[in-house]
Amino acid sequence: MRFRLTPADTTFYDLFAKSASVLVEGANLLADLLVIDSDKTATARLMKDAEHRADEATHEIIRRVNSTFVTPFDREDIYRLAAGLDDVMDYMEAAVDMISLYGLDVLPEGIEQQVEVLQRAAQLTADAMPRLRSMRDLDEYWIEINRLENLGDQTHRQMLAKLFSGAYDALTVLKLKDVIEQLELAIDAFEKVANTVEQIAVKES
């Protein structure tokens, strides 16, 4: 553990926790879309509001790191972690927006697994952020996120295979592929967040 002569601004931990909590909300909104006869337009609107709050949290982190003399860990790692959390939200919001704009009433089999991975990853990330204060018990976090990302990759490949099996017309394939790819990007972004947390923990140990 590195020692500092000047106390670091601990507000960053609260801001990261706030940012991660919005990801939980976003993943749950994604799950709401899977409900039969769900109001996709209303869900897209709620998701957009959540994405704006995530942006605000990210901007606050950036403003604070630019105005704080002593940060709890390396500035570049703070930027990277904030950007990673923001990327997850952006990809999830894009998926919801596409589902609404494309008018996709029926989503392909397997998308439930993608959303479940995102919900689990979001909750794990929200639980991990407060532990940045002590840098303890974080290894289980990035190990589990890596496992989930591998599961997400497997599901993604299976969904693409079904998508190009001839069961859908060409236009529907294009629409569904857009959604599936955004969800896959969100899952990958969670792994990048976990990798950043691991790098921070190693540096601070």
# chains A, B, ... in the order shown; residues from 1 in each chain; ligands from 1
call {"tool": "residues_around", "arguments": {"residues": "Asp90 of chain A", "least_positions_apart": "3", "cutoff": "12 Å", "atoms": "only C-alpha atoms", "output": "PyMOL selection string"}}
result
chain A and resi 22-23+26-27+47-55+58+83-87+93-97+182-183+185-187+189-190
call {"tool": "residues_around", "arguments": {"residues": "segment 73-78 of chain A", "least_positions_apart": "3", "cutoff": "12 Å", "atoms": "only C-alpha atoms", "output": "number ranges by chain"}}
result
A: 1-4, 7-10, 12-13, 15-16, 58-70, 81-85, 132-135, 192-205
call {"tool": "write_last_selection", "arguments": {"atoms": "N, CA and C atoms", "output": "compact mmCIF listing (two decimals), in the first residue's frame"}}
result
# COMPACT_ATOMS: atom_id res chain seq x y z
N MET A 1 0.85 -1.20 0.00
CA MET A 1 0.00 0.00 0.00
C MET A 1 0.88 1.24 0.00
N ARG A 2 0.60 2.16 -0.91
CA ARG A 2 1.39 3.39 -0.98
C ARG A 2 0.97 4.35 0.13
N PHE A 3 1.96 5.14 0.61
CA PHE A 3 1.68 6.11 1.66
C PHE A 3 1.71 7.52 1.08
N ARG A 4 0.82 8.38 1.58
CA ARG A 4 0.74 9.76 1.11
C ARG A 4 0.84 10.70 2.29
N PRO A 7 -3.83 13.75 2.71
CA PRO A 7 -4.99 12.86 2.55
C PRO A 7 -5.60 12.98 1.15
N ALA A 8 -6.02 11.85 0.59
CA ALA A 8 -6.65 11.85 -0.73
C ALA A 8 -8.13 12.17 -0.60
N ASP A 9 -8.70 12.70 -1.66
CA ASP A 9 -10.12 13.03 -1.70
C ASP A 9 -10.92 11.74 -1.85
N THR A 10 -11.62 11.35 -0.82
CA THR A 10 -12.36 10.09 -0.83
C THR A 10 -13.72 10.19 -1.52
N PHE A 12 -14.24 10.40 -4.50
CA PHE A 12 -14.20 9.59 -5.71
C PHE A 12 -14.89 8.24 -5.50
N TYR A 13 -14.71 7.65 -4.33
CA TYR A 13 -15.32 6.35 -4.07
C TYR A 13 -16.84 6.43 -4.15
N LEU A 15 -18.53 8.62 -5.86
CA LEU A 15 -18.92 8.88 -7.24
C LEU A 15 -18.87 7.62 -8.09
N PHE A 16 -17.86 6.79 -7.86
CA PHE A 16 -17.80 5.52 -8.59
C PHE A 16 -18.96 4.62 -8.19
N THR A 58 -20.09 10.70 -14.46
CA THR A 58 -18.78 10.65 -15.12
C THR A 58 -18.15 12.03 -15.19
N HIS A 59 -18.94 13.02 -15.58
CA HIS A 59 -18.43 14.39 -15.68
C HIS A 59 -17.99 14.92 -14.32
N GLU A 60 -18.71 14.55 -13.28
CA GLU A 60 -18.33 15.00 -11.93
C GLU A 60 -16.99 14.38 -11.52
N ILE A 61 -16.79 13.12 -11.87
CA ILE A 61 -15.50 12.47 -11.58
C ILE A 61 -14.37 13.18 -12.31
N ILE A 62 -14.59 13.49 -13.58
CA ILE A 62 -13.56 14.17 -14.37
C ILE A 62 -13.27 15.56 -13.82
N ARG A 63 -14.33 16.30 -13.48
CA ARG A 63 -14.13 17.64 -12.92
C ARG A 63 -13.33 17.56 -11.62
N ARG A 64 -13.67 16.58 -10.80
CA ARG A 64 -13.00 16.48 -9.51
C ARG A 64 -11.54 16.07 -9.66
N VAL A 65 -11.27 15.14 -10.55
CA VAL A 65 -9.88 14.72 -10.72
C VAL A 65 -9.03 15.84 -11.29
N ASN A 66 -9.66 16.73 -12.08
CA ASN A 66 -8.92 17.85 -12.66
C ASN A 66 -8.70 18.98 -11.65
N SER A 67 -9.43 18.97 -10.55
CA SER A 67 -9.31 20.05 -9.58
C SER A 67 -8.78 19.58 -8.22
N THR A 68 -8.45 18.29 -8.12
CA THR A 68 -7.98 17.73 -6.85
C THR A 68 -6.48 17.51 -6.90
N PHE A 69 -5.79 17.96 -5.86
CA PHE A 69 -4.33 17.83 -5.82
C PHE A 69 -3.90 16.39 -5.58
N VAL A 70 -4.55 15.73 -4.61
CA VAL A 70 -4.20 14.35 -4.27
C VAL A 70 -5.41 13.46 -4.52
N LEU A 81 -11.29 4.16 -15.35
CA LEU A 81 -12.42 3.52 -14.67
C LEU A 81 -13.71 4.28 -14.94
N ALA A 82 -13.65 5.60 -14.88
CA ALA A 82 -14.85 6.41 -15.15
C ALA A 82 -15.34 6.20 -16.57
N ALA A 83 -14.40 6.18 -17.52
CA ALA A 83 -14.76 5.99 -18.93
C ALA A 83 -15.33 4.60 -19.15
N GLY A 84 -14.77 3.60 -18.48
CA GLY A 84 -15.27 2.24 -18.63
C GLY A 84 -16.69 2.08 -18.15
N LEU A 85 -16.99 2.65 -17.00
CA LEU A 85 -18.35 2.59 -16.48
C LEU A 85 -19.32 3.31 -17.42
N LEU A 132 -13.16 -0.36 -3.17
CA LEU A 132 -11.96 0.35 -3.61
C LEU A 132 -11.31 1.13 -2.46
N ARG A 133 -12.10 1.47 -1.47
CA ARG A 133 -11.55 2.21 -0.31
C ARG A 133 -10.47 1.40 0.40
N SER A 134 -10.72 0.11 0.54
CA SER A 134 -9.78 -0.73 1.28
C SER A 134 -8.93 -1.60 0.35
N MET A 135 -9.35 -1.72 -0.90
CA MET A 135 -8.67 -2.58 -1.87
C MET A 135 -8.66 -4.04 -1.42
N LYS A 192 -13.56 -4.81 -19.16
CA LYS A 192 -12.55 -3.76 -19.14
C LYS A 192 -12.56 -3.02 -17.81
N VAL A 193 -13.76 -2.80 -17.26
CA VAL A 193 -13.87 -2.17 -15.95
C VAL A 193 -13.19 -3.04 -14.89
N ALA A 194 -13.48 -4.34 -14.94
CA ALA A 194 -12.88 -5.27 -13.98
C ALA A 194 -11.36 -5.31 -14.12
N ASN A 195 -10.88 -5.27 -15.36
CA ASN A 195 -9.44 -5.26 -15.59
C ASN A 195 -8.79 -4.00 -15.01
N THR A 196 -9.49 -2.89 -15.14
CA THR A 196 -8.99 -1.64 -14.58
C THR A 196 -8.93 -1.72 -13.06
N VAL A 197 -9.97 -2.28 -12.45
CA VAL A 197 -9.98 -2.45 -11.00
C VAL A 197 -8.82 -3.34 -10.57
N GLU A 198 -8.56 -4.39 -11.32
CA GLU A 198 -7.43 -5.28 -10.99
C GLU A 198 -6.11 -4.52 -11.06
N GLN A 199 -5.94 -3.72 -12.10
CA GLN A 199 -4.71 -2.94 -12.24
C GLN A 199 -4.52 -1.97 -11.08
N ILE A 200 -5.61 -1.34 -10.67
CA ILE A 200 -5.55 -0.40 -9.55
C ILE A 200 -5.17 -1.13 -8.28
N ALA A 201 -5.81 -2.27 -8.05
CA ALA A 201 -5.56 -3.05 -6.83
C ALA A 201 -4.10 -3.50 -6.77
N VAL A 202 -3.54 -3.92 -7.91
CA VAL A 202 -2.15 -4.38 -7.94
C VAL A 202 -1.21 -3.21 -7.62
N LYS A 203 -1.48 -2.05 -8.20
CA LYS A 203 -0.64 -0.89 -7.96
C LYS A 203 -0.69 -0.44 -6.49
N GLU A 204 -1.87 -0.55 -5.90
CA GLU A 204 -2.06 -0.05 -4.55
C GLU A 204 -1.67 -1.06 -3.46
N SER A 205 -1.39 -2.29 -3.86
CA SER A 205 -1.07 -3.32 -2.87
C SER A 205 0.38 -3.22 -2.40
call {"tool": "closest_residue", "arguments": {"among": "A:Ala161, A:Val106, A:Leu174, A:Val24", "to": "Leu124 of chain A", "atoms": "only C-alpha atoms"}}
result
A:Val24
call {"tool": "select_by_dssp", "arguments": {"residues": "segment 102-171 of chain A", "states": "helix (DSSP H, G or I)", "output": "number ranges by chain"}}
result
A: 102, 111-133, 139-163, 170-171
call {"tool": "write_last_selection", "arguments": {"atoms": "N, CA and C atoms", "output": "compact mmCIF listing (two decimals), in the first residue's frame"}}
result
# COMPACT_ATOMS: atom_id res chain seq x y z
N TYR A 102 -36.47 0.34 -33.78
CA TYR A 102 -36.71 -0.68 -34.80
C TYR A 102 -38.07 -1.34 -34.65
N ILE A 111 -31.23 -13.82 -25.96
CA ILE A 111 -31.02 -12.46 -25.49
C ILE A 111 -31.26 -12.37 -23.98
N GLU A 112 -32.09 -13.29 -23.47
CA GLU A 112 -32.31 -13.32 -22.01
C GLU A 112 -31.01 -13.61 -21.28
N GLN A 113 -30.20 -14.52 -21.85
CA GLN A 113 -28.92 -14.86 -21.23
C GLN A 113 -27.97 -13.67 -21.25
N GLN A 114 -27.97 -12.94 -22.37
CA GLN A 114 -27.13 -11.74 -22.45
C GLN A 114 -27.52 -10.73 -21.37
N VAL A 115 -28.81 -10.52 -21.22
CA VAL A 115 -29.29 -9.55 -20.23
C VAL A 115 -29.01 -10.04 -18.81
N GLU A 116 -29.15 -11.33 -18.57
CA GLU A 116 -28.84 -11.87 -17.25
C GLU A 116 -27.37 -11.67 -16.91
N VAL A 117 -26.49 -11.85 -17.89
CA VAL A 117 -25.06 -11.60 -17.68
C VAL A 117 -24.84 -10.14 -17.31
N LEU A 118 -25.51 -9.26 -18.02
CA LEU A 118 -25.37 -7.82 -17.75
C LEU A 118 -25.89 -7.46 -16.37
N GLN A 119 -27.02 -8.03 -15.97
CA GLN A 119 -27.56 -7.76 -14.64
C GLN A 119 -26.60 -8.23 -13.55
N ARG A 120 -26.06 -9.42 -13.74
CA ARG A 120 -25.13 -9.96 -12.76
C ARG A 120 -23.85 -9.13 -12.69
N ALA A 121 -23.32 -8.77 -13.86
CA ALA A 121 -22.10 -7.97 -13.92
C ALA A 121 -22.31 -6.59 -13.30
N ALA A 122 -23.48 -6.01 -13.55
CA ALA A 122 -23.78 -4.68 -12.99
C ALA A 122 -23.84 -4.73 -11.47
N GLN A 123 -24.50 -5.76 -10.92
CA GLN A 123 -24.60 -5.87 -9.47
C GLN A 123 -23.23 -6.14 -8.85
N LEU A 124 -22.44 -6.99 -9.47
CA LEU A 124 -21.09 -7.27 -8.96
C LEU A 124 -20.24 -6.00 -8.96
N THR A 125 -20.38 -5.20 -10.01
CA THR A 125 -19.61 -3.96 -10.12
C THR A 125 -20.05 -2.96 -9.07
N ALA A 126 -21.36 -2.86 -8.87
CA ALA A 126 -21.88 -1.96 -7.83
C ALA A 126 -21.41 -2.39 -6.44
N ASP A 127 -21.34 -3.68 -6.22
CA ASP A 127 -20.86 -4.19 -4.93
C ASP A 127 -19.36 -3.97 -4.75
N ALA A 128 -18.62 -3.97 -5.87
CA ALA A 128 -17.16 -3.86 -5.80
C ALA A 128 -16.68 -2.43 -5.59
N MET A 129 -17.40 -1.45 -6.12
CA MET A 129 -16.92 -0.07 -6.05
C MET A 129 -16.62 0.41 -4.63
N PRO A 130 -17.49 0.15 -3.64
CA PRO A 130 -17.15 0.60 -2.27
C PRO A 130 -15.89 -0.05 -1.71
N ARG A 131 -15.54 -1.22 -2.22
CA ARG A 131 -14.35 -1.93 -1.72
C ARG A 131 -13.06 -1.32 -2.24
N LEU A 132 -13.16 -0.36 -3.17
CA LEU A 132 -11.96 0.35 -3.61
C LEU A 132 -11.31 1.13 -2.46
N ARG A 133 -12.10 1.47 -1.47
CA ARG A 133 -11.55 2.21 -0.31
C ARG A 133 -10.47 1.40 0.40
N ASP A 139 -10.43 -9.52 -5.74
CA ASP A 139 -10.02 -10.52 -6.73
C ASP A 139 -11.20 -11.38 -7.18
N GLU A 140 -12.12 -11.68 -6.27
CA GLU A 140 -13.29 -12.46 -6.65
C GLU A 140 -14.14 -11.71 -7.68
N TYR A 141 -14.11 -10.39 -7.59
CA TYR A 141 -14.88 -9.57 -8.52
C TYR A 141 -14.38 -9.75 -9.95
N TRP A 142 -13.10 -9.51 -10.19
CA TRP A 142 -12.63 -9.58 -11.57
C TRP A 142 -12.58 -11.01 -12.10
N ILE A 143 -12.44 -11.98 -11.22
CA ILE A 143 -12.49 -13.38 -11.66
C ILE A 143 -13.89 -13.73 -12.15
N GLU A 144 -14.91 -13.32 -11.39
CA GLU A 144 -16.29 -13.62 -11.77
C GLU A 144 -16.71 -12.84 -13.01
N ILE A 145 -16.27 -11.60 -13.14
CA ILE A 145 -16.59 -10.82 -14.33
C ILE A 145 -15.97 -11.48 -15.56
N ASN A 146 -14.76 -11.97 -15.43
CA ASN A 146 -14.12 -12.67 -16.54
C ASN A 146 -14.91 -13.92 -16.94
N ARG A 147 -15.41 -14.65 -15.94
CA ARG A 147 -16.23 -15.83 -16.22
C ARG A 147 -17.50 -15.43 -16.95
N LEU A 148 -18.13 -14.36 -16.51
CA LEU A 148 -19.36 -13.89 -17.14
C LEU A 148 -19.10 -13.43 -18.57
N GLU A 149 -17.96 -12.79 -18.79
CA GLU A 149 -17.64 -12.33 -20.14
C GLU A 149 -17.45 -13.51 -21.07
N ASN A 150 -16.83 -14.58 -20.59
CA ASN A 150 -16.68 -15.78 -21.39
C ASN A 150 -18.05 -16.40 -21.71
N LEU A 151 -18.93 -16.40 -20.72
CA LEU A 151 -20.29 -16.89 -20.94
C LEU A 151 -21.01 -16.03 -21.96
N GLY A 152 -20.82 -14.72 -21.85
CA GLY A 152 -21.43 -13.80 -22.81
C GLY A 152 -20.93 -14.03 -24.23
N ASP A 153 -19.63 -14.30 -24.37
CA ASP A 153 -19.06 -14.59 -25.69
C ASP A 153 -19.69 -15.83 -26.30
N GLN A 154 -19.85 -16.86 -25.47
CA GLN A 154 -20.45 -18.11 -25.94
C GLN A 154 -21.89 -17.89 -26.40
N THR A 155 -22.64 -17.16 -25.59
CA THR A 155 -24.03 -16.85 -25.95
C THR A 155 -24.10 -16.04 -27.23
N HIS A 156 -23.20 -15.08 -27.35
CA HIS A 156 -23.15 -14.22 -28.54
C HIS A 156 -22.93 -15.03 -29.80
N ARG A 157 -21.99 -15.97 -29.77
CA ARG A 157 -21.73 -16.81 -30.94
C ARG A 157 -22.93 -17.68 -31.29
N GLN A 158 -23.57 -18.22 -30.27
CA GLN A 158 -24.75 -19.06 -30.51
C GLN A 158 -25.88 -18.25 -31.13
N MET A 159 -26.06 -17.01 -30.65
CA MET A 159 -27.13 -16.17 -31.18
C MET A 159 -26.87 -15.78 -32.63
N LEU A 160 -25.61 -15.50 -32.96
CA LEU A 160 -25.28 -15.16 -34.35
C LEU A 160 -25.54 -16.34 -35.27
N ALA A 161 -25.21 -17.54 -34.80
CA ALA A 161 -25.46 -18.74 -35.60
C ALA A 161 -26.94 -18.90 -35.90
N LYS A 162 -27.78 -18.67 -34.89
CA LYS A 162 -29.23 -18.78 -35.08
C LYS A 162 -29.75 -17.66 -35.98
N LEU A 163 -29.14 -16.50 -35.83
CA LEU A 163 -29.59 -15.33 -36.58
C LEU A 163 -29.39 -15.55 -38.09
N ALA A 170 -33.88 -10.86 -44.17
CA ALA A 170 -32.61 -10.12 -44.16
C ALA A 170 -32.68 -8.84 -43.33
N LEU A 171 -33.77 -8.09 -43.44
CA LEU A 171 -33.89 -6.83 -42.72
C LEU A 171 -33.94 -7.07 -41.21
call {"tool": "atom_distance", "arguments": {"atom1": "atom CA of Tyr168 of chain A", "atom2": "atom CA of Glu109 of chain A"}}
result
12.4 Å
call {"tool": "residues_around", "arguments": {"residues": "Thr43 of chain A", "least_positions_apart": "5", "cutoff": "8 Å", "atoms": "only C-alpha atoms", "output": "VMD selection string"}}
result
chain A and resid 29 32 to 33 96
